[in-house]
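S.K.: Pasting model_18.csv below, which is CSV, C-alpha atoms.
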```csv
chain,number,residue,atom,x,y,z
X,16,GLN,CA,-7.1,-6.8,21.6
X,17,TRP,CA,-3.4,-7.7,22.3
X,18,LEU,CA,-2.3,-5.0,19.8
X,19,ALA,CA,-4.6,-2.4,21.4
X,20,GLU,CA,-3.2,-3.3,24.9
X,21,HIS,CA,0.4,-3.0,23.6
X,22,ILE,CA,-0.3,0.4,22.1
X,23,TYR,CA,-2.0,1.5,25.3
X,24,GLU,CA,0.8,0.4,27.5
X,25,SER,CA,3.4,2.2,25.4
X,26,LEU,CA,1.6,5.6,25.8
X,27,PRO,CA,2.9,8.2,28.1
X,28,PRO,CA,1.0,8.2,31.4
X,29,GLU,CA,-0.5,11.6,30.8
X,30,VAL,CA,-2.0,10.3,27.6
X,31,SER,CA,-3.1,6.9,28.6
X,32,ALA,CA,-4.9,8.5,31.6
X,33,ARG,CA,-7.3,10.2,29.1
X,34,VAL,CA,-7.8,7.2,26.8
X,35,THR,CA,-10.2,4.3,27.3
X,36,ALA,CA,-8.3,1.3,28.6
X,37,PRO,CA,-8.6,-1.7,26.2
X,38,ALA,CA,-9.4,-4.0,29.1
X,39,THR,CA,-12.7,-2.2,29.6
X,40,MET,CA,-13.7,-2.4,25.9
X,41,ARG,CA,-15.9,-5.1,24.3
X,42,PHE,CA,-13.5,-6.4,21.7
X,43,GLY,CA,-15.4,-9.6,21.2
X,44,ASP,CA,-18.4,-7.8,19.8
X,45,ASN,CA,-16.7,-5.3,17.5
X,46,PRO,CA,-12.9,-5.6,17.4
X,47,THR,CA,-12.4,-3.2,14.5
X,48,GLY,CA,-14.7,-0.6,16.1
X,49,MET,CA,-13.1,-0.9,19.5
X,50,PHE,CA,-9.6,-0.6,18.0
X,51,SER,CA,-10.6,2.4,15.9
X,52,GLN,CA,-11.9,4.0,19.0
X,53,LEU,CA,-8.6,3.6,20.8
X,54,ILE,CA,-6.7,5.0,17.8
X,55,ALA,CA,-9.0,8.0,17.5
X,56,GLU,CA,-8.8,8.8,21.2
X,57,THR,CA,-5.1,8.4,21.2
X,58,SER,CA,-4.6,10.6,18.1
X,59,GLN,CA,-6.8,13.3,19.7
X,60,GLN,CA,-4.7,13.3,22.9
X,61,LEU,CA,-1.6,13.5,20.7
X,62,ASN,CA,-2.9,16.6,19.0
X,63,GLY,CA,-3.9,14.8,15.8
X,64,THR,CA,-0.7,12.8,15.4
X,65,GLY,CA,-1.4,9.5,13.6
X,66,LEU,CA,-0.1,6.1,14.5
X,67,ILE,CA,1.9,3.8,12.3
X,68,LEU,CA,2.1,0.0,12.8
X,69,ALA,CA,5.3,-1.4,11.3
X,70,ILE,CA,5.4,-5.1,10.8
X,71,ASP,CA,9.0,-6.2,10.0
X,72,GLU,CA,10.0,-9.6,8.6
X,73,PHE,CA,6.6,-10.0,6.9
X,74,ASP,CA,7.4,-13.6,5.8
X,75,LYS,CA,7.6,-14.7,9.4
X,76,THR,CA,4.2,-13.1,10.1
X,77,GLU,CA,2.8,-15.1,7.3
X,78,ARG,CA,4.1,-18.3,8.8
X,79,LEU,CA,2.4,-17.5,12.1
X,80,LEU,CA,-1.0,-17.1,10.3
X,81,ALA,CA,-1.3,-20.9,10.0
X,82,SER,CA,-4.6,-21.1,8.2
X,83,SER,CA,-6.4,-19.2,5.4
X,84,THR,CA,-9.1,-18.2,7.9
X,85,ASP,CA,-6.4,-16.6,10.2
X,86,ARG,CA,-5.0,-14.7,7.3
X,87,GLU,CA,-8.3,-13.5,6.0
X,88,ALA,CA,-9.3,-12.3,9.5
X,89,PHE,CA,-6.0,-10.5,10.1
X,90,TYR,CA,-5.8,-8.8,6.8
X,91,GLY,CA,-9.5,-8.1,6.7
X,92,PHE,CA,-9.1,-6.3,10.1
X,93,LEU,CA,-6.4,-4.2,8.6
X,94,ARG,CA,-8.4,-3.5,5.5
X,95,GLU,CA,-11.3,-2.1,7.5
X,96,LEU,CA,-9.3,0.2,9.6
X,97,PRO,CA,-8.9,3.0,7.0
X,98,ASN,CA,-12.7,3.1,6.8
X,99,GLN,CA,-12.9,3.6,10.6
X,100,THR,CA,-10.1,6.1,11.2
X,101,SER,CA,-7.6,8.1,9.1
X,102,SER,CA,-5.2,8.2,12.0
X,103,PHE,CA,-3.7,4.7,11.6
X,104,SER,CA,-1.5,3.3,8.9
X,105,CYS,CA,0.4,0.0,8.4
X,106,VAL,CA,3.9,-0.5,7.0
X,107,PHE,CA,4.8,-4.0,6.0
X,108,VAL,CA,8.5,-4.8,5.5
X,109,GLY,CA,9.6,-8.0,3.9
X,110,ALA,CA,11.3,-9.7,1.0
X,111,VAL,CA,10.1,-12.3,-1.5
X,112,GLY,CA,6.9,-13.3,0.3
X,113,LEU,CA,5.6,-9.8,0.6
X,114,GLN,CA,6.3,-9.0,-3.0
X,115,ARG,CA,4.6,-12.1,-4.2
X,116,MET,CA,1.4,-11.3,-2.1
X,117,LEU,CA,1.2,-7.7,-3.3
X,118,GLN,CA,1.2,-9.0,-6.9
X,119,ASP,CA,-1.7,-11.3,-6.1
X,120,LYS,CA,-5.1,-9.7,-7.1
X,121,ASN,CA,-6.8,-12.0,-4.6
X,122,PHE,CA,-4.8,-10.6,-1.7
X,123,THR,CA,-7.1,-8.8,0.8
X,124,LEU,CA,-5.1,-5.6,0.8
X,125,PHE,CA,-4.3,-5.6,-3.0
X,126,ASN,CA,-6.2,-2.4,-3.8
X,127,GLN,CA,-5.2,-0.5,-0.7
X,128,SER,CA,-1.5,-1.1,-0.7
X,129,HIS,CA,1.3,1.0,-2.1
X,130,SER,CA,4.7,-0.6,-2.5
X,131,GLN,CA,8.1,1.0,-2.1
X,132,ARG,CA,11.1,-1.0,-3.3
X,133,ILE,CA,14.1,-0.8,-1.0
X,134,SER,CA,17.2,-1.5,-3.1
X,135,PHE,CA,20.7,-2.5,-2.3
X,136,LEU,CA,22.5,-0.2,0.1
X,137,SER,CA,25.6,1.8,-0.7
X,138,PRO,CA,28.9,0.7,0.9
X,139,GLU,CA,28.7,3.6,3.3
X,140,SER,CA,25.1,2.7,4.3
X,141,THR,CA,26.0,-0.9,4.6
X,142,SER,CA,28.8,-0.1,7.0
X,143,ILE,CA,26.4,2.0,9.1
X,144,LEU,CA,23.9,-0.8,9.2
X,145,ILE,CA,26.6,-3.3,10.3
X,146,ARG,CA,28.3,-1.2,12.9
X,147,LYS,CA,25.8,1.3,14.4
X,148,PRO,CA,23.2,-1.0,16.1
X,149,MET,CA,25.8,-2.7,18.4
X,150,ALA,CA,28.4,0.0,18.4
X,151,ASN,CA,28.8,-0.1,22.2
X,152,THR,CA,29.3,-3.9,22.2
X,153,ILE,CA,30.8,-5.1,19.0
X,154,HIS,CA,33.7,-3.7,16.9
X,155,TYR,CA,33.7,-4.8,13.3
X,156,ASP,CA,37.1,-4.3,11.7
X,157,ASP,CA,37.3,-2.9,8.1
X,158,ASN,CA,38.0,-6.3,6.6
X,159,ALA,CA,34.9,-7.8,8.3
X,160,VAL,CA,32.7,-5.1,7.0
X,161,GLU,CA,34.1,-5.6,3.5
X,162,THR,CA,33.5,-9.3,3.7
X,163,ILE,CA,29.9,-8.8,4.6
X,164,LEU,CA,29.5,-6.3,1.8
X,165,GLU,CA,31.0,-8.8,-0.7
X,166,MET,CA,28.7,-11.6,0.5
X,167,THR,CA,25.5,-9.6,0.5
X,168,ALA,CA,26.1,-6.8,-2.2
X,169,GLY,CA,24.5,-4.5,0.4
X,170,HIS,CA,21.2,-6.3,0.5
X,171,PRO,CA,19.7,-5.1,3.9
X,172,TYR,CA,18.0,-8.3,4.8
X,173,LEU,CA,21.1,-10.4,4.2
X,174,VAL,CA,23.3,-7.9,6.1
X,175,GLN,CA,21.0,-8.0,9.1
X,176,ALA,CA,20.8,-11.8,8.9
X,177,ILE,CA,24.5,-12.2,9.0
X,178,CYS,CA,24.9,-9.7,11.8
X,179,LYS,CA,22.2,-11.5,13.8
X,180,ASP,CA,24.1,-14.7,13.4
X,181,ILE,CA,27.3,-13.0,14.7
X,182,VAL,CA,25.5,-11.6,17.7
X,183,ASP,CA,23.9,-15.0,18.5
X,184,GLU,CA,27.3,-16.7,18.3
X,185,ILE,CA,28.9,-14.1,20.6
X,186,ASN,CA,26.2,-14.7,23.1
X,187,ARG,CA,26.5,-18.5,22.8
X,188,ALA,CA,30.2,-18.3,23.3
X,189,ALA,CA,29.9,-16.2,26.4
X,190,LYS,CA,27.3,-18.6,27.8
X,191,ARG,CA,29.6,-21.6,27.1
X,192,ARG,CA,32.4,-19.9,29.0
X,193,LYS,CA,30.0,-18.9,31.7
X,194,GLU,CA,31.1,-15.3,31.7
X,195,HIS,CA,29.8,-11.9,30.8
X,196,ILE,CA,30.5,-10.3,27.5
X,197,HIS,CA,33.3,-7.7,27.8
X,198,PRO,CA,32.9,-5.0,25.1
X,199,PRO,CA,34.1,-4.2,22.6
X,200,VAL,CA,34.0,-7.7,21.1
X,201,GLN,CA,36.3,-7.8,18.0
X,202,VAL,CA,34.8,-9.2,14.9
X,203,THR,CA,37.3,-10.1,12.1
X,204,ASP,CA,37.0,-11.2,8.5
X,205,GLN,CA,37.6,-14.8,9.5
X,206,PHE,CA,35.0,-14.7,12.2
X,207,VAL,CA,32.4,-13.5,9.7
X,208,ARG,CA,33.4,-16.3,7.2
X,209,ASP,CA,33.1,-18.9,9.9
X,210,ILE,CA,29.7,-17.7,11.0
X,211,VAL,CA,28.3,-17.7,7.4
X,212,ALA,CA,29.7,-21.1,6.8
X,213,ALA,CA,28.0,-22.5,9.9
X,214,GLY,CA,24.7,-20.9,9.0
X,215,GLU,CA,23.3,-21.4,12.5
X,216,SER,CA,20.0,-19.5,12.2
X,217,GLY,CA,19.1,-20.6,8.7
X,218,GLU,CA,17.9,-17.0,7.8
X,219,THR,CA,20.0,-16.7,4.7
X,220,ARG,CA,19.1,-20.3,3.6
X,221,ALA,CA,15.4,-19.5,4.0
X,222,PHE,CA,15.8,-16.3,2.0
X,223,TRP,CA,17.6,-18.0,-0.9
X,224,ASN,CA,15.1,-20.9,-0.9
X,225,ALA,CA,12.3,-18.4,-1.3
X,226,VAL,CA,14.1,-16.6,-4.1
X,227,THR,CA,14.8,-19.9,-5.8
X,228,ASN,CA,11.1,-20.9,-5.6
X,229,THR,CA,10.1,-17.7,-7.4
X,230,MET,CA,12.4,-18.3,-10.4
```
Please rewrite the model in this file as structure tokens.

M.R.:
Amino acid sequence: QWLAEHIYESLPPEVSARVTAPATMRFGDNPTGMFSQLIAETSQQLNGTGLILAIDEFDKTERLLASSTDREAFYGFLRELPNQTSSFSCVFVGAVGLQRMLQDKNFTLFNQSHSQRISFLSPESTSILIRKPMANTIHYDDNAVETILEMTAGHPYLVQAICKDIVDEINRAAKRRKEHIHPPVQVTDQFVRDIVAAGESGETRAFWNAVTNTM
């Protein structure tokens, strides 16, 4: 029901006004049916446009589904949706954990999933991934970008993990100084190396631990 309410609240007012509000639906009796009804009504109001649910960092989602019962209920719900409506698709984005599950024939969505491998980024694409998201706030000098590229070989997950650590440290530093961030913040090669050495978030450690466990 939370997902249905989130979708409903994100709709333009002129669309949501003609769609049944999730709060009035009986999700407890038939969650899949009620969700499918919402998707069908929404798609109709959007002239047949389908909806895509993208779940990033799949490994973290897996950790939130603490028990096998939770996982079966969640993936079973997603498995049934295509039988209810053709206007809804799911895209899972992840690394080691997702790949391992898709190779498991006991995985609930095994026969309904298609995988697309995202390989290492080119130097140009890596630079864009580093610089573009925070372009108005952070300036990465060329040496900083080159260092991140050398450390990650252009692996998108690791690039984003390092950039997240950099943003977090900039925010923490501003909080310690009790002042606002004054863009553009300059990020240098040494700053990148210090952040990676500190490994505050543990994202890269978790990734490498997962890779090691599959070897």

S.K.: Determine, counting only C-alpha atoms, which protein, DNA and RNA residues have an atom within 12 Å of an atom of Asp209 (chain X); residues of the same chain fewer than 5 positions away are not included. Present the result as a list in words.

M.R.: Ala159, Thr162, Ile163, Ile177, Asp180, Ile181, Glu184, Val202, Thr203, Asp204, Gly214 and Glu215 of chain X

S.K.: What is the distance between CA of Ala69 (chain X) and CA of Ser104 (chain X), in Å to one decimal?

M.R.: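 We find that CA of Ala69 (chain X) and CA of Ser104 (chain X) lie 8.6 Å from each other.
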
S.K.: CA of Ala55 (chain X) to CA of Gln131 (chain X): how many Å, to one decimal?

M.R.: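 That distance, rounded to one decimal, is 26.9 Å.
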
S.K.: Under the rule that all atoms listed in the file are counted, which of X:Val211, X:Ile133, X:Phe103, X:Gln16 is the nearest residue to Arg41 (chain X)?

M.R.: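 Distance minimum relative to Arg41 (chain X) lands on X:Gln16.
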
S.K.: Pick from X:Tyr172, X:Ile54, X:Thr47, X:Lys193: nearest to Gly91 (chain X), with only C-alpha atoms counted?

M.R.: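 Distance minimum relative to Gly91 (chain X) lands on X:Thr47.
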
S.K.: Hey, which of X:Leu80, X:Leu66, X:Leu136, X:Ile185 ends up closest to Cys105 (chain X)? Count all atoms listed in the file.

M.R.: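 The shortest atom-to-atom distance to Cys105 (chain X) comes from X:Leu66.
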
S.K.: Just the residues within 10 Å of Trp17 (chain X), please, counting only C-alpha atoms, with nothing from its chain fewer than 3 positions along; format it as a count of residues only.

M.R.: 6

S.K.: Distance CA of Asp119 (chain X)-CA of Phe92 (chain X), one decimal place?

M.R.: 18.5 Å
